Amino acid sequence: MEAPLTERHAGATRPAACDHKARDTSRREEAKMSEQTGVRADDPYSGRQPTSHERRAGQPWDASYLDGPVPWDVGEPQPSIVRLGGEGAFAGAVLDAGCGTGENALHVASLGLPVLGVDVAETALSIAREKAAGRGIDAEFVVADALHLHRLGRVFETVLDCGLLHTFDSDERRDYVASLASVTARGGHLYVVCFSDVGPGTGPHPIGQEELRAAFARGSGWSVASVGPDRIQTRFDAQDAPAWLAKIERI
Ligand SMILES: C[S@@+](CC[C@H](N)C(=O)[O-])C[C@H]1O[C@@H](n2cnc3c(N)ncnc32)[C@H](O)[C@@H]1O
């Protein structure tokens, strides 16, 4: 027999009341989280300012990793990084800034060096950790903002940037260069691989050689040792894109 209307109503309203309670509790939890960490639980930027790239894209970096391989993830280390490794360019503790899913960091780690990969995209880092475990390679991957690397409280002899610098606007680049200096030992080296403006087939955010050198100008704590033409492989073009490979010394 059908339940009396009042009971049906009562039955229908009870879960709604529960929903309200649950929502209130979860709002209180969120608020509590903010009190403790200063970060809203639902903040996709985890309390940091979105970068100029993220503002243009209208989404956090992490979102690009949610729908399968990203255009810059070629599933293997960039040839320039493999070449540098073969030349013995990496020494001591190595930082990979903006490591993505970790192919370059894992390659350097496979050479026997201690490597920390940092990125703002937690999804990319999870993939990197899975690859490390699957390949039996010892490498660390943590969430960190490359614009505030001093928060790591660590110092590195070699720093690698493959594809991060060119995503920053000029103000961010100034902060990034200072941030890199704060974690690099004097005499240590930074290797930057970025898109160049020397076409044809330039990638997104191409940088001129003078612009690149200017980012590490006198007073920045860095001295540019060399800048040369190179290539970056991408998934969006069978042809690789023109790049710069820069070697920069922390002074
Ligand atoms: C073009 S991708 C290059 C990824 C990787 N280096 C590679 O070669 O595949 C740039 C990477 O930098 C990361 N990134 C962007 N802004 C960052 C920031 N402020 N701090 C740390 N990582 C950042 C992005 O999440 C992305 O994984």
# chains A, B, ... in the order shown; residues from 1 in each chain; ligands from 1
$ residues_near_ligand --ligand "ligand 1" --cutoff "7 Å" --atoms "only C-alpha atoms and all ligand atoms" --output "short mmCIF file (atom, residue, chain, number, x, y, z; two decimals) with N, CA and C atoms, in the first residue's frame"
data_model
loop_
_atom_site.label_atom_id
_atom_site.label_comp_id
_atom_site.auth_asym_id
_atom_site.auth_seq_id
_atom_site.Cartn_x
_atom_site.Cartn_y
_atom_site.Cartn_z
N THR A 51 49.69 31.99 -12.83
CA THR A 51 50.74 32.62 -13.65
C THR A 51 50.08 33.28 -14.88
N TRP A 61 47.60 24.87 -14.69
CA TRP A 61 48.43 23.92 -15.45
C TRP A 61 47.94 22.50 -15.26
N ASP A 62 47.53 22.19 -14.03
CA ASP A 62 47.14 20.81 -13.76
C ASP A 62 46.05 20.32 -14.71
N TRP A 72 53.55 18.75 -25.06
CA TRP A 72 55.00 18.78 -24.82
C TRP A 72 55.54 17.48 -24.22
N ASP A 73 54.62 16.55 -23.94
CA ASP A 73 55.07 15.30 -23.30
C ASP A 73 55.31 14.26 -24.38
N GLN A 78 64.02 14.85 -23.72
CA GLN A 78 64.37 15.65 -24.89
C GLN A 78 65.82 15.32 -25.31
N ALA A 97 63.13 22.09 -12.73
CA ALA A 97 62.05 23.05 -12.44
C ALA A 97 60.97 22.96 -13.52
N GLY A 98 59.73 22.67 -13.11
CA GLY A 98 58.65 22.49 -14.08
C GLY A 98 58.85 21.16 -14.79
N CYS A 99 58.97 20.09 -14.00
CA CYS A 99 59.40 18.78 -14.53
C CYS A 99 58.33 18.06 -15.32
N GLY A 100 57.05 18.50 -15.23
CA GLY A 100 55.99 17.80 -15.93
C GLY A 100 55.92 16.35 -15.49
N THR A 101 55.76 15.43 -16.44
CA THR A 101 55.64 14.01 -16.08
C THR A 101 57.00 13.32 -15.92
N GLY A 102 58.06 14.13 -15.89
CA GLY A 102 59.33 13.65 -15.36
C GLY A 102 60.32 12.98 -16.30
N GLU A 103 60.07 12.96 -17.62
CA GLU A 103 60.99 12.22 -18.51
C GLU A 103 62.44 12.71 -18.38
N ASN A 104 62.63 14.03 -18.34
CA ASN A 104 64.00 14.56 -18.26
C ASN A 104 64.63 14.25 -16.89
N VAL A 118 60.20 19.39 -9.58
CA VAL A 118 59.10 20.15 -8.98
C VAL A 118 58.18 20.67 -10.07
N ASP A 119 56.92 20.80 -9.70
CA ASP A 119 55.92 21.29 -10.65
C ASP A 119 54.72 21.76 -9.84
N VAL A 120 53.88 22.59 -10.46
CA VAL A 120 52.63 22.99 -9.80
C VAL A 120 51.48 22.04 -10.15
N ALA A 121 51.72 21.14 -11.09
CA ALA A 121 50.65 20.24 -11.55
C ALA A 121 50.77 18.89 -10.83
N ALA A 124 50.60 15.76 -13.06
CA ALA A 124 51.86 15.45 -13.75
C ALA A 124 52.82 14.75 -12.80
N ALA A 144 55.82 22.24 -6.02
CA ALA A 144 56.45 23.50 -5.57
C ALA A 144 56.30 24.52 -6.67
N ASP A 145 56.18 25.78 -6.25
CA ASP A 145 56.07 26.89 -7.19
C ASP A 145 57.49 27.36 -7.53
N ALA A 146 57.83 27.28 -8.81
CA ALA A 146 59.19 27.66 -9.24
C ALA A 146 59.47 29.14 -9.01
N LEU A 147 58.43 29.91 -8.74
CA LEU A 147 58.64 31.34 -8.46
C LEU A 147 59.01 31.56 -7.00
N ASP A 161 65.87 23.51 -16.69
CA ASP A 161 64.56 24.07 -17.05
C ASP A 161 64.31 23.72 -18.50
N CYS A 162 63.38 22.82 -18.73
CA CYS A 162 63.03 22.47 -20.11
C CYS A 162 61.59 22.88 -20.34
N GLY A 163 61.41 24.04 -20.91
CA GLY A 163 60.06 24.46 -21.29
C GLY A 163 59.29 25.27 -20.26
N LEU A 164 59.96 25.70 -19.19
CA LEU A 164 59.23 26.51 -18.19
C LEU A 164 59.46 28.00 -18.39
#
$ select_by_dssp --residues "region 66-228 of chain A" --states "strand (DSSP E)" --output "PyMOL selection string"
chain A and resi 94-97+115-119+140-143+156-162+184-195+222-228
$ residues_around --residues "region 184-198 of chain A" --least-positions-apart "2" --cutoff "6 Å" --atoms "only C-alpha atoms" --output "ChimeraX atom specification"
/A:155-163,166,181-182,203,206-208,242-251
$ write_last_selection --atoms "N, CA and C atoms" --output "PDB file, in the first residue's frame"
ATOM      1  N   VAL A 155      69.568  23.210  -1.612  1.00  0.00           N
ATOM      2  CA  VAL A 155      70.507  23.818  -2.560  1.00  0.00           C
ATOM      3  C   VAL A 155      70.908  22.756  -3.584  1.00  0.00           C
ATOM      4  N   PHE A 156      71.053  23.183  -4.839  1.00  0.00           N
ATOM      5  CA  PHE A 156      71.361  22.255  -5.937  1.00  0.00           C
ATOM      6  C   PHE A 156      72.605  22.727  -6.675  1.00  0.00           C
ATOM      7  N   GLU A 157      73.337  21.744  -7.230  1.00  0.00           N
ATOM      8  CA  GLU A 157      74.523  22.097  -8.032  1.00  0.00           C
ATOM      9  C   GLU A 157      74.130  22.322  -9.490  1.00  0.00           C
ATOM     10  N   THR A 158      73.120  21.604  -9.929  1.00  0.00           N
ATOM     11  CA  THR A 158      72.672  21.753 -11.321  1.00  0.00           C
ATOM     12  C   THR A 158      71.158  21.925 -11.339  1.00  0.00           C
ATOM     13  N   VAL A 159      70.723  22.864 -12.155  1.00  0.00           N
ATOM     14  CA  VAL A 159      69.280  23.071 -12.319  1.00  0.00           C
ATOM     15  C   VAL A 159      68.945  22.961 -13.797  1.00  0.00           C
ATOM     16  N   LEU A 160      67.825  22.344 -14.061  1.00  0.00           N
ATOM     17  CA  LEU A 160      67.381  22.127 -15.431  1.00  0.00           C
ATOM     18  C   LEU A 160      66.017  22.766 -15.607  1.00  0.00           C
ATOM     19  N   ASP A 161      65.872  23.509 -16.690  1.00  0.00           N
ATOM     20  CA  ASP A 161      64.563  24.073 -17.048  1.00  0.00           C
ATOM     21  C   ASP A 161      64.315  23.716 -18.500  1.00  0.00           C
ATOM     22  N   CYS A 162      63.377  22.820 -18.730  1.00  0.00           N
ATOM     23  CA  CYS A 162      63.035  22.465 -20.106  1.00  0.00           C
ATOM     24  C   CYS A 162      61.587  22.876 -20.340  1.00  0.00           C
ATOM     25  N   GLY A 163      61.407  24.044 -20.907  1.00  0.00           N
ATOM     26  CA  GLY A 163      60.058  24.462 -21.286  1.00  0.00           C
ATOM     27  C   GLY A 163      59.292  25.266 -20.260  1.00  0.00           C
ATOM     28  N   HIS A 166      60.037  29.920 -20.797  1.00  0.00           N
ATOM     29  CA  HIS A 166      59.344  30.609 -21.892  1.00  0.00           C
ATOM     30  C   HIS A 166      57.838  30.793 -21.625  1.00  0.00           C
ATOM     31  N   ALA A 181      68.179  31.440  -8.359  1.00  0.00           N
ATOM     32  CA  ALA A 181      69.444  31.786  -7.692  1.00  0.00           C
ATOM     33  C   ALA A 181      69.398  31.381  -6.219  1.00  0.00           C
ATOM     34  N   SER A 182      68.210  31.461  -5.611  1.00  0.00           N
ATOM     35  CA  SER A 182      68.099  31.179  -4.179  1.00  0.00           C
ATOM     36  C   SER A 182      68.343  29.705  -3.836  1.00  0.00           C
ATOM     37  N   GLY A 203      57.702  27.383 -31.863  1.00  0.00           N
ATOM     38  CA  GLY A 203      56.708  26.895 -30.907  1.00  0.00           C
ATOM     39  C   GLY A 203      56.015  28.059 -30.220  1.00  0.00           C
ATOM     40  N   PRO A 206      57.791  31.897 -28.211  1.00  0.00           N
ATOM     41  CA  PRO A 206      59.206  31.902 -28.613  1.00  0.00           C
ATOM     42  C   PRO A 206      59.969  33.083 -27.995  1.00  0.00           C
ATOM     43  N   ILE A 207      61.231  32.847 -27.664  1.00  0.00           N
ATOM     44  CA  ILE A 207      62.056  33.874 -27.002  1.00  0.00           C
ATOM     45  C   ILE A 207      63.229  34.222 -27.912  1.00  0.00           C
ATOM     46  N   GLY A 208      63.559  35.517 -27.994  1.00  0.00           N
ATOM     47  CA  GLY A 208      64.730  35.959 -28.745  1.00  0.00           C
ATOM     48  C   GLY A 208      65.986  35.729 -27.911  1.00  0.00           C
ATOM     49  N   PRO A 242      62.267  24.970 -33.231  1.00  0.00           N
ATOM     50  CA  PRO A 242      63.546  25.613 -32.916  1.00  0.00           C
ATOM     51  C   PRO A 242      63.623  26.059 -31.456  1.00  0.00           C
ATOM     52  N   ALA A 243      64.785  25.861 -30.857  1.00  0.00           N
ATOM     53  CA  ALA A 243      64.961  26.146 -29.426  1.00  0.00           C
ATOM     54  C   ALA A 243      66.329  26.777 -29.169  1.00  0.00           C
ATOM     55  N   TRP A 244      66.468  27.293 -27.957  1.00  0.00           N
ATOM     56  CA  TRP A 244      67.791  27.677 -27.454  1.00  0.00           C
ATOM     57  C   TRP A 244      68.171  26.705 -26.357  1.00  0.00           C
ATOM     58  N   LEU A 245      69.450  26.366 -26.327  1.00  0.00           N
ATOM     59  CA  LEU A 245      70.003  25.676 -25.155  1.00  0.00           C
ATOM     60  C   LEU A 245      70.990  26.648 -24.539  1.00  0.00           C
ATOM     61  N   ALA A 246      70.711  27.075 -23.309  1.00  0.00           N
ATOM     62  CA  ALA A 246      71.589  28.028 -22.625  1.00  0.00           C
ATOM     63  C   ALA A 246      72.240  27.373 -21.419  1.00  0.00           C
ATOM     64  N   LYS A 247      73.530  27.653 -21.243  1.00  0.00           N
ATOM     65  CA  LYS A 247      74.248  27.222 -20.038  1.00  0.00           C
ATOM     66  C   LYS A 247      74.544  28.492 -19.243  1.00  0.00           C
ATOM     67  N   ILE A 248      74.106  28.524 -18.005  1.00  0.00           N
ATOM     68  CA  ILE A 248      74.181  29.756 -17.222  1.00  0.00           C
ATOM     69  C   ILE A 248      74.797  29.420 -15.865  1.00  0.00           C
ATOM     70  N   GLU A 249      75.805  30.212 -15.467  1.00  0.00           N
ATOM     71  CA  GLU A 249      76.521  29.881 -14.221  1.00  0.00           C
ATOM     72  C   GLU A 249      76.047  30.756 -13.072  1.00  0.00           C
ATOM     73  N   ARG A 250      75.860  30.146 -11.910  1.00  0.00           N
ATOM     74  CA  ARG A 250      75.489  30.917 -10.703  1.00  0.00           C
ATOM     75  C   ARG A 250      76.782  31.532 -10.158  1.00  0.00           C
ATOM     76  N   ILE A 251      76.814  32.868 -10.055  1.00  0.00           N
ATOM     77  CA  ILE A 251      78.052  33.541  -9.614  1.00  0.00           C
ATOM     78  C   ILE A 251      77.844  34.191  -8.234  1.00  0.00           C
TER      79      ILE A 251
END
$ closest_residue --among "A:Ala41, A:Ala178, A:Val94, A:Val143" --to "Gly112 (chain A)" --atoms "only C-alpha atoms"
A:Val94
$ select_by_dssp --residues "region 49-196 of chain A" --states "helix (DSSP H, G or I)" --output "PyMOL selection string"
chain A and resi 52-57+61-64+79-86+103-110+122-135+146-152+165-167+170-181
$ closest_residue --among "A:Asp169, A:Glu211, A:Glu87, A:Glu76" --to "Gln233 (chain A)" --atoms "only C-alpha atoms"
A:Glu76
$ atom_distance --atom1 "CA of Trp222 (chain A)" --atom2 "CA of His205 (chain A)"
22.6 Å
